[in-house]
Structures are given as structure tokens and as C-alpha cells.
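Participant: Before we start, here is the structure in question, set down as C-alpha cells.
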Amino acid sequence: MQQSESRDDRLNRLERKAGDYEELYGSCAQGTLLALQEEFGLGDKQTLKAATAMPGIALRGETCGAVIGAVMALGMAMGREKHDDFVSLQRTTIAARKLCRRFEREFGGCNCLEVQRHIFGRYYDLADPAESLEFIQADAARKCRAPAGRAARIAGELILDGIEKTL
């Protein structure tokens, strides 16, 4: 972060990058996670690789990949390294719950099927090739920028709040 860059400028950039990466990867999980990794120096290529099958938990309509990528970043930024570090466990879980509540308010839920209904007015079974093609034709890459970007922004705010408390 540059000296003159405001918190809001940084979060705006993070949100935009997550959307850009969502379009590039076609993966809300990896788009969200990669933007957060770059912004906060979290994880590595293996971490990003681990998020490969996370959109809708293997395209089953379950937890939105944007939420998963954001929660993974929260864990890397503030999670515990030792089994008995209950302070870090609690701090990270509270942050993840805040993220989920805020995301739900904006997108109608944290599950891919709920997010799709909110954005598209219907759910596409992405494991079905015909419906997956319909999803793509419905401009999914552009429309799914919003959840990826917003999840990254919320996680970024929570990470920055945690960093600011320790300064």
C-alpha cells in the first residue's frame, strides 16, 4: 500500500481485482482468494490451487466459492497455528461469521444456488453441461464479479480491522 493510498482506495482496488480474477479464472473461489493473497501477502500457489474445486463446493450449489475464498484468506491472516490457540480460533470464527452475515444481506445467502437466484433469478446446475452453457450465455463471468468482489472487500475490511487493532 502506498503512503497516500486511503483504506477505501485499497478496498476498491481489492474488490475490482477479485472481479477481474473471477472473470479470468471462471472461479469465484480462486478470484476472491488470489486478490486477497496478493493484497495481504497470504499463502502461496498451493493455497490457490487448493481452491480449485471450491465454487459451490464442486458445483453442487453449496457454499459460494467467493465466501470460501474469503474465509480461507481470513484463516491465513488471523487463524491459529497451534491447536490450543483458542483466541485466534475465536477471532477468526467471529470474523468469518461477520463476513457471512454481510454477504447474505447483499446476495440473499451464502450458498451458490441462493446467490445465483439473487443475480440471475434462477439456479443453474453447473454440473450439467447444458445448464452450464446456459449459465455462461447468461453472462455469468461478468455478473459473478459482484459476489467475488464483495466477498474480497468484506474480508479485506476484516483483515485491516484486525491489523489496525494490533498497531
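Letters A, B, ... mark the chains of the C-alpha cells in the order given; residue numbers begin at 1 per chain; ligand numbers begin at 1, in order shown.
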Which of stretch 103-136 of chain A counts as alpha helix (DSSP H) under DSSP, as JSON, numbers by chain please?
Facilitator: {"A": [103, 104, 105, 106, 107, 112, 113, 114, 115, 116, 117, 118, 119, 120, 129, 130, 131, 132, 133, 134, 135, 136]}
Participant: Keeping N, CA and C atoms, export the residues of the selection given above as a PDB file, in the first residue's frame.
Facilitator:
ATOM      1  N   PHE A 103     -22.408 -10.827   3.640  1.00  0.00           N
ATOM      2  CA  PHE A 103     -22.577 -11.378   2.299  1.00  0.00           C
ATOM      3  C   PHE A 103     -24.032 -11.819   2.090  1.00  0.00           C
ATOM      4  N   GLU A 104     -24.596 -12.472   3.081  1.00  0.00           N
ATOM      5  CA  GLU A 104     -26.005 -12.918   3.000  1.00  0.00           C
ATOM      6  C   GLU A 104     -26.951 -11.743   2.797  1.00  0.00           C
ATOM      7  N   ARG A 105     -26.715 -10.662   3.499  1.00  0.00           N
ATOM      8  CA  ARG A 105     -27.588  -9.488   3.358  1.00  0.00           C
ATOM      9  C   ARG A 105     -27.561  -8.953   1.929  1.00  0.00           C
ATOM     10  N   GLU A 106     -26.417  -9.024   1.309  1.00  0.00           N
ATOM     11  CA  GLU A 106     -26.293  -8.475  -0.040  1.00  0.00           C
ATOM     12  C   GLU A 106     -26.741  -9.437  -1.134  1.00  0.00           C
ATOM     13  N   PHE A 107     -26.502 -10.732  -0.949  1.00  0.00           N
ATOM     14  CA  PHE A 107     -26.747 -11.705  -2.020  1.00  0.00           C
ATOM     15  C   PHE A 107     -27.817 -12.744  -1.698  1.00  0.00           C
ATOM     16  N   CYS A 112     -24.275 -21.021  -3.299  1.00  0.00           N
ATOM     17  CA  CYS A 112     -24.226 -20.687  -4.717  1.00  0.00           C
ATOM     18  C   CYS A 112     -25.636 -20.619  -5.303  1.00  0.00           C
ATOM     19  N   LEU A 113     -26.487 -21.554  -4.943  1.00  0.00           N
ATOM     20  CA  LEU A 113     -27.838 -21.538  -5.518  1.00  0.00           C
ATOM     21  C   LEU A 113     -28.614 -20.300  -5.091  1.00  0.00           C
ATOM     22  N   GLU A 114     -28.421 -19.840  -3.874  1.00  0.00           N
ATOM     23  CA  GLU A 114     -29.089 -18.614  -3.408  1.00  0.00           C
ATOM     24  C   GLU A 114     -28.521 -17.383  -4.107  1.00  0.00           C
ATOM     25  N   VAL A 115     -27.215 -17.353  -4.259  1.00  0.00           N
ATOM     26  CA  VAL A 115     -26.560 -16.227  -4.924  1.00  0.00           C
ATOM     27  C   VAL A 115     -26.994 -16.174  -6.385  1.00  0.00           C
ATOM     28  N   GLN A 116     -27.031 -17.319  -7.044  1.00  0.00           N
ATOM     29  CA  GLN A 116     -27.484 -17.357  -8.435  1.00  0.00           C
ATOM     30  C   GLN A 116     -28.929 -16.865  -8.552  1.00  0.00           C
ATOM     31  N   ARG A 117     -29.798 -17.310  -7.666  1.00  0.00           N
ATOM     32  CA  ARG A 117     -31.194 -16.854  -7.713  1.00  0.00           C
ATOM     33  C   ARG A 117     -31.272 -15.342  -7.542  1.00  0.00           C
ATOM     34  N   HIS A 118     -30.433 -14.806  -6.684  1.00  0.00           N
ATOM     35  CA  HIS A 118     -30.407 -13.359  -6.455  1.00  0.00           C
ATOM     36  C   HIS A 118     -29.940 -12.617  -7.713  1.00  0.00           C
ATOM     37  N   ILE A 119     -28.902 -13.124  -8.359  1.00  0.00           N
ATOM     38  CA  ILE A 119     -28.311 -12.447  -9.514  1.00  0.00           C
ATOM     39  C   ILE A 119     -29.077 -12.722 -10.810  1.00  0.00           C
ATOM     40  N   PHE A 120     -29.419 -13.984 -11.039  1.00  0.00           N
ATOM     41  CA  PHE A 120     -29.999 -14.405 -12.319  1.00  0.00           C
ATOM     42  C   PHE A 120     -31.506 -14.658 -12.274  1.00  0.00           C
ATOM     43  N   PRO A 129     -23.868 -30.126 -18.181  1.00  0.00           N
ATOM     44  CA  PRO A 129     -23.243 -29.381 -19.285  1.00  0.00           C
ATOM     45  C   PRO A 129     -24.192 -28.394 -19.981  1.00  0.00           C
ATOM     46  N   ALA A 130     -25.434 -28.768 -20.200  1.00  0.00           N
ATOM     47  CA  ALA A 130     -26.384 -27.876 -20.876  1.00  0.00           C
ATOM     48  C   ALA A 130     -26.673 -26.641 -20.015  1.00  0.00           C
ATOM     49  N   GLU A 131     -26.884 -26.841 -18.724  1.00  0.00           N
ATOM     50  CA  GLU A 131     -27.156 -25.704 -17.844  1.00  0.00           C
ATOM     51  C   GLU A 131     -25.906 -24.852 -17.634  1.00  0.00           C
ATOM     52  N   SER A 132     -24.753 -25.491 -17.632  1.00  0.00           N
ATOM     53  CA  SER A 132     -23.502 -24.747 -17.512  1.00  0.00           C
ATOM     54  C   SER A 132     -23.332 -23.817 -18.719  1.00  0.00           C
ATOM     55  N   LEU A 133     -23.672 -24.301 -19.889  1.00  0.00           N
ATOM     56  CA  LEU A 133     -23.606 -23.477 -21.095  1.00  0.00           C
ATOM     57  C   LEU A 133     -24.607 -22.321 -21.004  1.00  0.00           C
ATOM     58  N   GLU A 134     -25.815 -22.575 -20.518  1.00  0.00           N
ATOM     59  CA  GLU A 134     -26.805 -21.511 -20.317  1.00  0.00           C
ATOM     60  C   GLU A 134     -26.267 -20.457 -19.344  1.00  0.00           C
ATOM     61  N   PHE A 135     -25.608 -20.919 -18.297  1.00  0.00           N
ATOM     62  CA  PHE A 135     -25.020 -20.033 -17.288  1.00  0.00           C
ATOM     63  C   PHE A 135     -24.003 -19.098 -17.942  1.00  0.00           C
ATOM     64  N   ILE A 136     -23.144 -19.668 -18.763  1.00  0.00           N
ATOM     65  CA  ILE A 136     -22.131 -18.881 -19.468  1.00  0.00           C
ATOM     66  C   ILE A 136     -22.813 -17.875 -20.398  1.00  0.00           C
TER      67      ILE A 136
END
Participant: May I have the residues within 7 Å of A:Leu33 as a VMD selection string, using only C-alpha atoms and disregarding those fewer than 2 positions away in the same chain?
Facilitator: chain A and resid 29 to 31 35 to 37 48 69 to 70 73
Participant: Mind writing the picked residues with N, CA and C atoms as a short mmCIF file (atom, residue, chain, number, x, y, z; two decimals), in the first residue's frame?
Facilitator:
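That gives us again_5.cif:
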data_model
loop_
_atom_site.label_atom_id
_atom_site.label_comp_id
_atom_site.auth_asym_id
_atom_site.auth_seq_id
_atom_site.Cartn_x
_atom_site.Cartn_y
_atom_site.Cartn_z
N ALA A 29 -14.09 -18.67 -6.21
CA ALA A 29 -13.21 -19.01 -5.09
C ALA A 29 -11.78 -18.55 -5.37
N GLN A 30 -11.26 -18.90 -6.53
CA GLN A 30 -9.88 -18.54 -6.83
C GLN A 30 -9.74 -17.05 -7.10
N GLY A 31 -10.73 -16.43 -7.73
CA GLY A 31 -10.66 -14.99 -7.96
C GLY A 31 -10.61 -14.20 -6.67
N ALA A 35 -6.97 -12.34 -5.15
CA ALA A 35 -6.92 -10.89 -4.87
C ALA A 35 -6.50 -10.65 -3.42
N LEU A 36 -7.05 -11.42 -2.51
CA LEU A 36 -6.69 -11.27 -1.09
C LEU A 36 -5.26 -11.72 -0.81
N GLN A 37 -4.83 -12.78 -1.46
CA GLN A 37 -3.44 -13.23 -1.30
C GLN A 37 -2.47 -12.14 -1.72
N LEU A 48 -3.76 -21.33 -3.52
CA LEU A 48 -4.67 -21.01 -4.61
C LEU A 48 -5.15 -22.28 -5.31
N GLY A 69 -13.29 -18.60 -0.58
CA GLY A 69 -12.00 -17.94 -0.79
C GLY A 69 -11.74 -16.87 0.25
N ALA A 70 -12.79 -16.11 0.59
CA ALA A 70 -12.64 -15.06 1.60
C ALA A 70 -12.37 -15.65 2.99
N ALA A 73 -8.83 -16.81 3.24
CA ALA A 73 -7.92 -15.68 3.46
C ALA A 73 -7.97 -15.20 4.91
#
Participant: Please list as JSON, numbers by chain every residue within 10 Å of A:Ala53, counting only C-alpha atoms and excluding residues in the same chain fewer than 2 positions away.
Facilitator: {"A": [27, 29, 30, 49, 50, 51, 55, 56, 57, 58, 59, 65]}
Participant: Which residues, written as a JSON list (two decimals) with C-alpha atoms, in the first residue's frame, have at least one atom at most 12 Å from A:Met76, with only C-alpha atoms counted and residues fewer than 2 positions away on the same chain left out?
Facilitator:
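After the write, selection04.json holds the following:
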[["chain", "number", "residue", "atom", "x", "y", "z"],
["A", 33, "LEU", "CA", -8.66, -15.73, -2.84],
["A", 36, "LEU", "CA", -6.69, -11.27, -1.09],
["A", 37, "GLN", "CA", -3.44, -13.23, -1.30],
["A", 40, "PHE", "CA", -2.08, -9.10, 2.08],
["A", 41, "GLY", "CA", 0.81, -11.43, 1.16],
["A", 42, "LEU", "CA", -1.09, -14.57, 2.16],
["A", 43, "GLY", "CA", -0.45, -18.18, 1.21],
["A", 44, "ASP", "CA", 1.16, -19.36, -1.99],
["A", 47, "THR", "CA", -3.13, -22.41, -1.43],
["A", 48, "LEU", "CA", -4.67, -21.01, -4.61],
["A", 69, "GLY", "CA", -12.00, -17.94, -0.79],
["A", 70, "ALA", "CA", -12.64, -15.06, 1.60],
["A", 71, "VAL", "CA", -12.86, -17.36, 4.65],
["A", 72, "MET", "CA", -9.63, -19.08, 3.56],
["A", 73, "ALA", "CA", -7.92, -15.68, 3.46],
["A", 74, "LEU", "CA", -9.26, -14.79, 6.91],
["A", 78, "MET", "CA", -5.60, -14.39, 11.56],
["A", 79, "GLY", "CA", -6.05, -18.12, 12.11],
["A", 80, "ARG", "CA", -4.34, -20.32, 14.62],
["A", 81, "GLU", "CA", -1.13, -22.25, 14.11],
["A", 88, "SER", "CA", -7.07, -17.00, 17.29],
["A", 89, "LEU", "CA", -9.75, -19.64, 16.72],
["A", 92, "THR", "CA", -11.13, -15.95, 13.06],
["A", 96, "ALA", "CA", -15.88, -15.38, 9.25],
["A", 155, "ALA", "CA", -12.63, -9.94, 4.08],
["A", 159, "ILE", "CA", -8.27, -8.19, 7.94]]
Participant: Please indicate the distance in Å from atom CA of A:Ala152 to atom CA of A:Arg60, rounded to one decimal place.
Facilitator: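 For atom CA of A:Ala152 relative to atom CA of A:Arg60, the distance reads 22.0 Å.
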Participant: So what do you get for atom CA of A:Asn12 versus atom CA of A:Asp161, distance-wise?
Facilitator: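 According to the coordinates, atom CA of A:Asn12 and atom CA of A:Asp161 are separated by 15.8 Å.
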